[in-house]
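Engineer: For reference, the file entry.cif (mmCIF, C-alpha atoms) is included below:
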```
data_entry
#
loop_
_atom_site.group_PDB
_atom_site.id
_atom_site.type_symbol
_atom_site.label_atom_id
_atom_site.label_comp_id
_atom_site.auth_asym_id
_atom_site.auth_seq_id
_atom_site.Cartn_x
_atom_site.Cartn_y
_atom_site.Cartn_z
ATOM 1 C CA TYR A 1 11.197 -80.724 15.344
ATOM 2 C CA ASN A 2 8.394 -79.794 12.967
ATOM 3 C CA SER A 3 9.505 -80.010 9.360
ATOM 4 C CA ALA A 4 6.374 -78.159 8.226
ATOM 5 C CA ILE A 5 7.485 -75.028 10.115
ATOM 6 C CA ALA A 6 11.057 -75.101 8.804
ATOM 7 C CA ARG A 7 10.071 -75.699 5.205
ATOM 8 C CA PRO A 8 10.471 -72.520 3.013
ATOM 9 C CA PRO A 9 7.270 -71.270 1.451
ATOM 10 C CA ALA A 10 6.331 -72.625 -1.887
ATOM 11 C CA ARG A 11 6.936 -70.492 -4.991
ATOM 12 C CA GLY A 12 3.218 -69.898 -5.348
ATOM 13 C CA ASP A 13 2.899 -68.809 -1.719
ATOM 14 C CA ALA A 14 5.689 -66.207 -2.155
ATOM 15 C CA GLY A 15 3.988 -64.759 -5.226
ATOM 16 C CA LEU A 16 0.729 -64.504 -3.318
ATOM 17 C CA MET A 17 2.446 -62.662 -0.448
ATOM 18 C CA ARG A 18 4.045 -60.155 -2.838
ATOM 19 C CA ALA A 19 0.720 -59.492 -4.526
ATOM 20 C CA LEU A 20 -0.901 -58.978 -1.140
ATOM 21 C CA LEU A 21 1.887 -56.552 -0.102
ATOM 22 C CA PHE A 22 1.526 -54.491 -3.290
ATOM 23 C CA ALA A 23 -2.230 -54.332 -2.812
ATOM 24 C CA LEU A 24 -1.802 -53.037 0.753
ATOM 25 C CA LEU A 25 0.714 -50.408 -0.395
ATOM 26 C CA ALA A 26 -1.607 -49.251 -3.158
ATOM 27 C CA LEU A 27 -4.430 -48.965 -0.628
ATOM 28 C CA PHE A 28 -2.583 -47.052 2.087
ATOM 29 C CA ALA A 29 0.151 -45.141 0.214
ATOM 30 C CA PRO A 30 -2.046 -42.098 -0.648
ATOM 31 C CA HIS A 31 -3.095 -41.761 2.981
ATOM 32 C CA LEU A 32 0.493 -42.073 4.187
ATOM 33 C CA ALA A 33 1.623 -39.411 1.711
ATOM 34 C CA GLN A 34 -1.116 -37.058 2.871
ATOM 35 C CA ALA A 35 -0.149 -37.595 6.490
ATOM 36 C CA GLN A 36 3.538 -36.869 5.821
ATOM 37 C CA THR A 37 3.159 -33.905 3.431
ATOM 38 C CA PRO A 38 2.418 -30.612 5.197
ATOM 39 C CA PRO A 39 -0.505 -28.613 3.817
ATOM 40 C CA PRO A 40 0.436 -25.802 1.438
ATOM 41 C CA PRO A 41 0.798 -22.375 3.050
ATOM 42 C CA PRO A 42 -2.178 -20.054 2.691
ATOM 43 C CA PRO A 43 -1.906 -17.600 -0.193
ATOM 44 C CA PRO A 44 -0.462 -14.218 0.791
ATOM 45 C CA PRO A 45 -3.085 -11.541 1.382
ATOM 46 C CA GLU A 46 -3.661 -9.184 -1.504
ATOM 47 C CA SER A 47 -1.671 -5.964 -1.518
ATOM 48 C CA ILE A 48 -3.511 -2.683 -1.070
ATOM 49 C CA LEU A 49 -2.627 0.941 -1.767
ATOM 50 C CA ALA A 50 -2.052 3.901 0.518
ATOM 51 C CA ILE A 51 -2.865 6.887 -1.676
ATOM 52 C CA VAL A 52 -1.247 9.831 0.064
ATOM 53 C CA ASP A 53 -0.710 13.563 -0.134
ATOM 54 C CA VAL A 54 1.053 15.783 2.391
ATOM 55 C CA GLU A 55 1.506 19.504 2.924
ATOM 56 C CA THR A 56 4.664 20.879 4.512
ATOM 57 C CA THR A 57 6.429 24.060 5.642
ATOM 58 C CA GLY A 58 8.970 23.766 2.819
ATOM 59 C CA LEU A 59 10.814 21.453 0.473
ATOM 60 C CA ASP A 60 13.577 20.030 2.692
ATOM 61 C CA PRO A 61 12.462 17.004 4.762
ATOM 62 C CA GLY A 62 15.545 17.403 6.942
ATOM 63 C CA HIS A 63 14.555 20.929 7.941
ATOM 64 C CA HIS A 64 10.912 21.575 7.144
ATOM 65 C CA GLU A 65 7.956 19.672 8.589
ATOM 66 C CA MET A 66 4.630 18.085 7.685
ATOM 67 C CA ILE A 67 1.614 20.172 8.607
ATOM 68 C CA ASP A 68 -1.157 18.250 6.895
ATOM 69 C CA ALA A 69 -1.666 14.731 5.560
ATOM 70 C CA GLY A 70 -4.385 12.840 3.746
ATOM 71 C CA LEU A 71 -4.327 9.055 3.365
ATOM 72 C CA ILE A 72 -6.876 6.958 1.482
ATOM 73 C CA TYR A 73 -6.366 3.178 1.577
ATOM 74 C CA THR A 74 -7.830 1.270 -1.356
ATOM 75 C CA THR A 75 -7.823 -2.091 -3.039
ATOM 76 C CA LEU A 76 -5.734 -2.406 -6.189
ATOM 77 C CA ASP A 77 -8.822 -1.684 -8.275
ATOM 78 C CA GLY A 78 -9.435 1.573 -6.405
ATOM 79 C CA ARG A 79 -12.184 0.556 -3.981
ATOM 80 C CA GLU A 80 -11.846 2.665 -0.847
ATOM 81 C CA LEU A 81 -11.151 0.874 2.442
ATOM 82 C CA GLY A 82 -10.720 3.860 4.724
ATOM 83 C CA ARG A 83 -9.352 7.381 4.927
ATOM 84 C CA LEU A 84 -7.527 9.536 7.442
ATOM 85 C CA TYR A 85 -6.975 13.284 7.525
ATOM 86 C CA LEU A 86 -4.461 14.869 9.881
ATOM 87 C CA LYS A 87 -3.823 18.556 10.487
ATOM 88 C CA ILE A 88 -0.497 18.737 12.318
ATOM 89 C CA MET A 89 1.106 21.491 14.395
ATOM 90 C CA PRO A 90 4.801 21.582 13.461
ATOM 91 C CA THR A 91 7.493 21.843 16.106
ATOM 92 C CA HIS A 92 9.215 24.683 14.233
ATOM 93 C CA PRO A 93 6.563 26.807 12.522
ATOM 94 C CA GLU A 94 9.117 29.596 12.143
ATOM 95 C CA ARG A 95 10.776 27.542 9.384
ATOM 96 C CA LEU A 96 7.830 28.100 7.046
ATOM 97 C CA SER A 97 9.015 29.077 3.571
ATOM 98 C CA PRO A 98 7.195 31.715 1.495
ATOM 99 C CA GLY A 99 6.606 29.163 -1.262
ATOM 100 C CA ALA A 100 4.915 26.713 1.094
ATOM 101 C CA LYS A 101 2.824 29.503 2.598
ATOM 102 C CA ALA A 102 1.582 30.397 -0.873
ATOM 103 C CA VAL A 103 0.551 26.795 -1.552
ATOM 104 C CA ASN A 104 -1.111 25.718 1.707
ATOM 105 C CA GLY A 105 -1.711 28.958 3.636
ATOM 106 C CA PHE A 106 -0.169 27.652 6.860
ATOM 107 C CA ASP A 107 -0.842 29.917 9.833
ATOM 108 C CA VAL A 108 -0.305 28.919 13.461
ATOM 109 C CA GLY A 109 -3.496 30.558 14.684
ATOM 110 C CA TYR A 110 -5.625 29.027 11.944
ATOM 111 C CA TRP A 111 -4.125 25.589 12.510
ATOM 112 C CA ARG A 112 -4.793 25.741 16.262
ATOM 113 C CA ALA A 113 -8.335 26.954 15.697
ATOM 114 C CA ASN A 114 -9.016 24.111 13.264
ATOM 115 C CA GLY A 115 -8.006 21.082 15.256
ATOM 116 C CA ALA A 116 -4.292 20.717 14.561
ATOM 117 C CA ILE A 117 -2.720 18.025 16.744
ATOM 118 C CA GLU A 118 0.829 17.494 17.973
ATOM 119 C CA GLU A 119 3.210 15.480 15.829
ATOM 120 C CA LYS A 120 3.410 12.536 18.251
ATOM 121 C CA ASP A 121 -0.376 12.292 18.340
ATOM 122 C CA ALA A 122 -0.520 12.415 14.547
ATOM 123 C CA VAL A 123 1.943 9.531 14.333
ATOM 124 C CA ALA A 124 -0.049 7.499 16.858
ATOM 125 C CA ARG A 125 -3.265 8.050 14.921
ATOM 126 C CA LEU A 126 -1.623 7.185 11.611
ATOM 127 C CA VAL A 127 -0.119 3.962 12.956
ATOM 128 C CA ALA A 128 -3.447 2.921 14.495
ATOM 129 C CA PHE A 129 -5.333 3.707 11.279
ATOM 130 C CA HIS A 130 -2.801 1.723 9.282
ATOM 131 C CA ARG A 131 -3.029 -1.272 11.608
ATOM 132 C CA ASP A 132 -6.809 -1.366 11.536
ATOM 133 C CA THR A 133 -7.223 -0.711 7.815
ATOM 134 C CA ALA A 134 -4.341 -2.740 6.419
ATOM 135 C CA ALA A 135 -5.268 -5.741 8.592
ATOM 136 C CA GLY A 136 -1.997 -7.514 7.857
ATOM 137 C CA ARG A 137 -1.981 -6.834 4.119
ATOM 138 C CA THR A 138 1.022 -5.435 2.265
ATOM 139 C CA VAL A 139 0.517 -1.716 1.688
ATOM 140 C CA ILE A 140 2.090 0.057 -1.290
ATOM 141 C CA PHE A 141 2.720 3.770 -0.769
ATOM 142 C CA THR A 142 1.225 5.673 -3.710
ATOM 143 C CA ALA A 143 1.335 9.388 -4.434
ATOM 144 C CA TYR A 144 1.606 12.006 -7.148
ATOM 145 C CA ASN A 145 4.928 13.367 -5.873
ATOM 146 C CA VAL A 146 5.906 10.124 -4.233
ATOM 147 C CA TRP A 147 9.541 10.894 -3.375
ATOM 148 C CA PHE A 148 8.467 14.123 -1.646
ATOM 149 C CA ASP A 149 5.600 12.620 0.343
ATOM 150 C CA ARG A 150 7.581 9.548 1.327
ATOM 151 C CA ALA A 151 10.580 11.610 2.484
ATOM 152 C CA PHE A 152 8.482 13.822 4.750
ATOM 153 C CA LEU A 153 6.431 10.963 6.158
ATOM 154 C CA THR A 154 9.594 8.937 6.787
ATOM 155 C CA ALA A 155 11.116 11.862 8.686
ATOM 156 C CA LEU A 156 8.000 12.417 10.800
ATOM 157 C CA LEU A 157 7.656 8.743 11.699
ATOM 158 C CA ALA A 158 11.345 8.385 12.569
ATOM 159 C CA GLU A 159 11.287 11.435 14.815
ATOM 160 C CA HIS A 160 8.580 9.814 16.915
ATOM 161 C CA GLY A 161 9.836 6.243 17.073
ATOM 162 C CA ALA A 162 8.035 4.709 14.100
ATOM 163 C CA ASP A 163 9.414 3.222 10.899
ATOM 164 C CA PHE A 164 8.122 3.840 7.379
ATOM 165 C CA ARG A 165 9.272 0.376 6.278
ATOM 166 C CA ALA A 166 7.344 -1.271 9.106
ATOM 167 C CA LEU A 167 4.178 0.143 7.548
ATOM 168 C CA TYR A 168 4.780 0.237 3.808
ATOM 169 C CA HIS A 169 6.378 -1.922 1.132
ATOM 170 C CA TYR A 170 9.827 -0.861 -0.051
ATOM 171 C CA GLN A 171 8.508 -0.359 -3.571
ATOM 172 C CA VAL A 172 6.342 2.693 -4.174
ATOM 173 C CA LEU A 173 4.009 3.833 -6.953
ATOM 174 C CA ASP A 174 3.908 7.305 -8.434
ATOM 175 C CA ILE A 175 0.872 8.296 -10.417
ATOM 176 C CA PRO A 176 2.597 10.344 -13.156
ATOM 177 C CA SER A 177 4.635 7.253 -14.112
ATOM 178 C CA MET A 178 1.401 5.311 -14.514
ATOM 179 C CA ALA A 179 0.171 7.931 -16.979
ATOM 180 C CA PHE A 180 3.547 8.008 -18.713
ATOM 181 C CA GLY A 181 3.356 4.240 -19.142
ATOM 182 C CA GLN A 182 0.068 4.707 -20.976
ATOM 183 C CA GLY A 183 1.769 7.036 -23.441
ATOM 184 C CA GLU A 184 0.746 10.290 -21.793
ATOM 185 C CA ARG A 185 3.429 12.984 -21.779
ATOM 186 C CA ARG A 186 1.435 15.739 -20.078
ATOM 187 C CA ILE A 187 1.879 14.582 -16.522
ATOM 188 C CA ARG A 188 1.667 17.723 -14.406
ATOM 189 C CA GLY A 189 -1.409 17.593 -12.191
ATOM 190 C CA SER A 190 -3.428 20.242 -13.981
ATOM 191 C CA GLU A 191 -2.419 18.939 -17.424
ATOM 192 C CA LEU A 192 -3.322 15.345 -16.618
ATOM 193 C CA ALA A 193 -6.601 16.470 -15.080
ATOM 194 C CA ALA A 194 -7.482 18.201 -18.363
ATOM 195 C CA VAL A 195 -6.589 15.076 -20.353
ATOM 196 C CA LEU A 196 -8.781 12.929 -18.099
ATOM 197 C CA GLY A 197 -11.633 15.428 -18.037
ATOM 198 C CA ILE A 198 -11.661 16.203 -14.318
ATOM 199 C CA ALA A 199 -11.121 19.369 -12.300
ATOM 200 C CA PRO A 200 -7.592 19.902 -11.002
ATOM 201 C CA GLU A 201 -6.961 19.997 -7.293
ATOM 202 C CA THR A 202 -7.909 23.345 -5.817
ATOM 203 C CA SER A 203 -5.231 26.022 -5.730
ATOM 204 C CA VAL A 204 -6.939 28.021 -2.962
ATOM 205 C CA PRO A 205 -4.309 27.767 -0.200
ATOM 206 C CA LEU A 206 -6.462 26.972 2.836
ATOM 207 C CA GLU A 207 -8.587 24.580 0.781
ATOM 208 C CA HIS A 208 -5.518 22.836 -0.633
ATOM 209 C CA THR A 209 -5.062 20.077 1.952
ATOM 210 C CA GLY A 210 -3.663 16.599 2.223
ATOM 211 C CA ILE A 211 -7.074 15.004 1.881
ATOM 212 C CA THR A 212 -8.039 17.044 -1.206
ATOM 213 C CA GLY A 213 -4.717 15.988 -2.716
ATOM 214 C CA ALA A 214 -5.240 12.350 -1.828
ATOM 215 C CA GLN A 215 -8.754 12.441 -3.314
ATOM 216 C CA PHE A 216 -7.406 13.979 -6.517
ATOM 217 C CA ASN A 217 -4.756 11.268 -6.659
ATOM 218 C CA LEU A 218 -7.401 8.582 -6.231
ATOM 219 C CA ASP A 219 -9.607 10.116 -8.920
ATOM 220 C CA VAL A 220 -6.693 10.119 -11.362
ATOM 221 C CA TYR A 221 -5.725 6.562 -10.436
ATOM 222 C CA ARG A 222 -9.236 5.263 -11.049
ATOM 223 C CA LEU A 223 -9.482 7.017 -14.401
ATOM 224 C CA LEU A 224 -6.104 5.643 -15.489
ATOM 225 C CA LEU A 225 -7.285 2.154 -14.568
ATOM 226 C CA ALA A 226 -10.484 2.634 -16.542
ATOM 227 C CA ARG A 227 -8.603 3.985 -19.555
ATOM 228 C CA HIS A 228 -6.210 1.037 -19.474
ATOM 229 C CA ALA A 229 -9.099 -1.436 -19.290
ATOM 230 C CA HIS A 230 -10.821 0.299 -22.207
ATOM 231 C CA LYS A 231 -7.669 0.095 -24.343
ATOM 232 C CA LYS A 232 -7.287 -3.615 -23.534
ATOM 233 C CA ALA A 233 -10.895 -4.227 -24.532
ATOM 234 C CA ASP A 234 -10.411 -2.397 -27.827
ATOM 235 C CA ALA A 235 -7.218 -4.345 -28.547
ATOM 236 C CA SER A 236 -8.946 -7.679 -27.995
ATOM 237 C CA GLN A 237 -11.701 -6.965 -30.532
#
```
What would you get if you wrote out this structure as structure tokens?
Structural biologist:
Amino acid sequence: YNSAIARPPARGDAGLMRALLFALLALFAPHLAQAQTPPPPPPPPESILAIVDVETTGLDPGHHEMIDAGLIYTTLDGRELGRLYLKIMPTHPERLSPGAKAVNGFDVGYWRANGAIEEKDAVARLVAFHRDTAAGRTVIFTAYNVWFDRAFLTALLAEHGADFRALYHYQVLDIPSMAFGQGERRIRGSELAAVLGIAPETSVPLEHTGITGAQFNLDVYRLLLARHAHKKADASQ
């Protein structure tokens, strides 16, 4: 029997051991915390805009069809990322309304002679363009007549096995509301163009296309952004 082994540690020895333990914890605790805490998730990618305009054979998305579409994808500050123009041959051209004919000049022979593609091919091209240009970012559907353009695009996509919501955010942006929020009450296209000092979109039917509409929308959007920035600068002075 060794009495030295059985003897409890002296009071001074216990204090020394506690001090040593605290020192070790202080040394290694930050490293242990880092090892146990998962890294923060990466920030979500920035949203972008799909600035869109479509032409159709009428006003009813359940009956009439898209015949033309322009899409320009941009950053939130209006920098262009890519654009797509589609001239589409409708399944039921006989449903063309006189009002639509007066706006976009749809004619089966002209469409065929100028590269119109079948609806399913248009959907495939749109989905591929979206995938490549969006690159995983959230895309906000933006248009001048946003309910109209969204309704027709939704119908076209659904008819050919695609889903609007799989491509675009559930919230949408309409350009007249942006102008209205800046205090502008003249929000028809030609009126707003005059306010902003730009030419309105062409009213020549065969020149009035989805891509000319999308470009007009983008021009207005950029000018509204610039006007807002100018007002903020003036207010801060």
Engineer: When distances are computed from all atoms listed in the file, which of A:Arg222, A:His230, A:His64, A:Arg131 shows the smallest separation from Ala100 (chain A)?
Structural biologist: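 Selected residue with least distance to Ala100 (chain A): A:His64.
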Engineer: Go through the shown structure with the PyMOL selection byres ((chain A and resi 68) around 10) and write out the matching residues as a list in words.
Structural biologist: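 That selection, the PyMOL selection byres ((chain A and resi 68) around 10), comes back as Asp53, Val54, Glu55, Thr56, Thr57, Glu65, Met66, Ile67, Ala69, Gly70, Tyr85, Leu86, Lys87, Ile88, Met89, Pro90, Asn104, Phe106, Trp111, Ala116, Ile117, Ala122, His208, Thr209, Gly210 and Ile211 of chain A.
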Engineer: To one decimal place in Å, what is the distance between CA of Ala162 (chain A) and CA of His130 (chain A)?
Structural biologist: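 Atom-to-atom, CA of Ala162 (chain A) and CA of His130 (chain A) are spaced 12.2 Å apart.
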Engineer: To test your reading of the syntax: which residues would the PyMOL selection byres ((chain A and resi 155) around 10) return for the file shown? Reply as a list in words.
Structural biologist: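 Going through the file, the PyMOL selection byres ((chain A and resi 155) around 10) ends up selecting Pro61, Gly62, His63, His64, Glu65, Met66, Arg150, Ala151, Phe152, Leu153, Thr154, Leu156, Leu157, Ala158, Glu159, His160, Ala162, Asp163 and Phe164 of chain A.
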Engineer: Of the residues A:Glu191, A:Asp60, A:Asp77, A:Glu119, which is the one nearest to Ser47 (chain A), using only C-alpha atoms?
Structural biologist: A:Asp77
Engineer: Between A:Gly189, A:Pro200, A:Gly82, A:Pro39, which is the closest to Ala134 (chain A) once you count only C-alpha atoms?
Structural biologist: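 Of A:Gly189, A:Pro200, A:Gly82, A:Pro39, the one nearest Ala134 (chain A), counting only C-alpha atoms, is A:Gly82.
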Engineer: CA of Met178 (chain A) and CA of Thr75 (chain A), how far apart in Å?
Structural biologist: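 Here the two named atoms are 16.5 Å from each other.
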Engineer: Using all atoms listed in the file, which protein or nucleic acid residues come within 10 Å of Ile51 (chain A)? Drop anything in the same chain fewer than 6 positions from it, and give the result as an mmCIF file with C-alpha atoms, in the coordinates of the input.
Structural biologist:
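So selection.cif came out as:
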```cif
data_model
loop_
_atom_site.group_PDB
_atom_site.id
_atom_site.type_symbol
_atom_site.label_atom_id
_atom_site.label_comp_id
_atom_site.auth_asym_id
_atom_site.auth_seq_id
_atom_site.Cartn_x
_atom_site.Cartn_y
_atom_site.Cartn_z
ATOM 1 C CA GLY A 70 -4.385 12.840 3.746
ATOM 2 C CA LEU A 71 -4.327 9.055 3.365
ATOM 3 C CA ILE A 72 -6.876 6.958 1.482
ATOM 4 C CA TYR A 73 -6.366 3.178 1.577
ATOM 5 C CA THR A 74 -7.830 1.270 -1.356
ATOM 6 C CA GLY A 78 -9.435 1.573 -6.405
ATOM 7 C CA GLU A 80 -11.846 2.665 -0.847
ATOM 8 C CA ARG A 83 -9.352 7.381 4.927
ATOM 9 C CA VAL A 139 0.517 -1.716 1.688
ATOM 10 C CA ILE A 140 2.090 0.057 -1.290
ATOM 11 C CA PHE A 141 2.720 3.770 -0.769
ATOM 12 C CA THR A 142 1.225 5.673 -3.710
ATOM 13 C CA ALA A 143 1.335 9.388 -4.434
ATOM 14 C CA TYR A 144 1.606 12.006 -7.148
ATOM 15 C CA VAL A 146 5.906 10.124 -4.233
ATOM 16 C CA LEU A 173 4.009 3.833 -6.953
ATOM 17 C CA ASP A 174 3.908 7.305 -8.434
ATOM 18 C CA ILE A 175 0.872 8.296 -10.417
ATOM 19 C CA ILE A 211 -7.074 15.004 1.881
ATOM 20 C CA GLY A 213 -4.717 15.988 -2.716
ATOM 21 C CA ALA A 214 -5.240 12.350 -1.828
ATOM 22 C CA GLN A 215 -8.754 12.441 -3.314
ATOM 23 C CA PHE A 216 -7.406 13.979 -6.517
ATOM 24 C CA ASN A 217 -4.756 11.268 -6.659
ATOM 25 C CA LEU A 218 -7.401 8.582 -6.231
ATOM 26 C CA TYR A 221 -5.725 6.562 -10.436
#
```
Engineer: Quick check, in Å to one decimal: how far apart do CA of Ala135 (chain A) and CA of Arg79 (chain A) lie?
Structural biologist: 15.7 Å
Engineer: So, counting all atoms listed in the file, which residue among A:Gln237, A:Leu167, A:Ile187, A:Ala194 is closest to Val123 (chain A)?
Structural biologist: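 The closest residue to Val123 (chain A) is A:Leu167.
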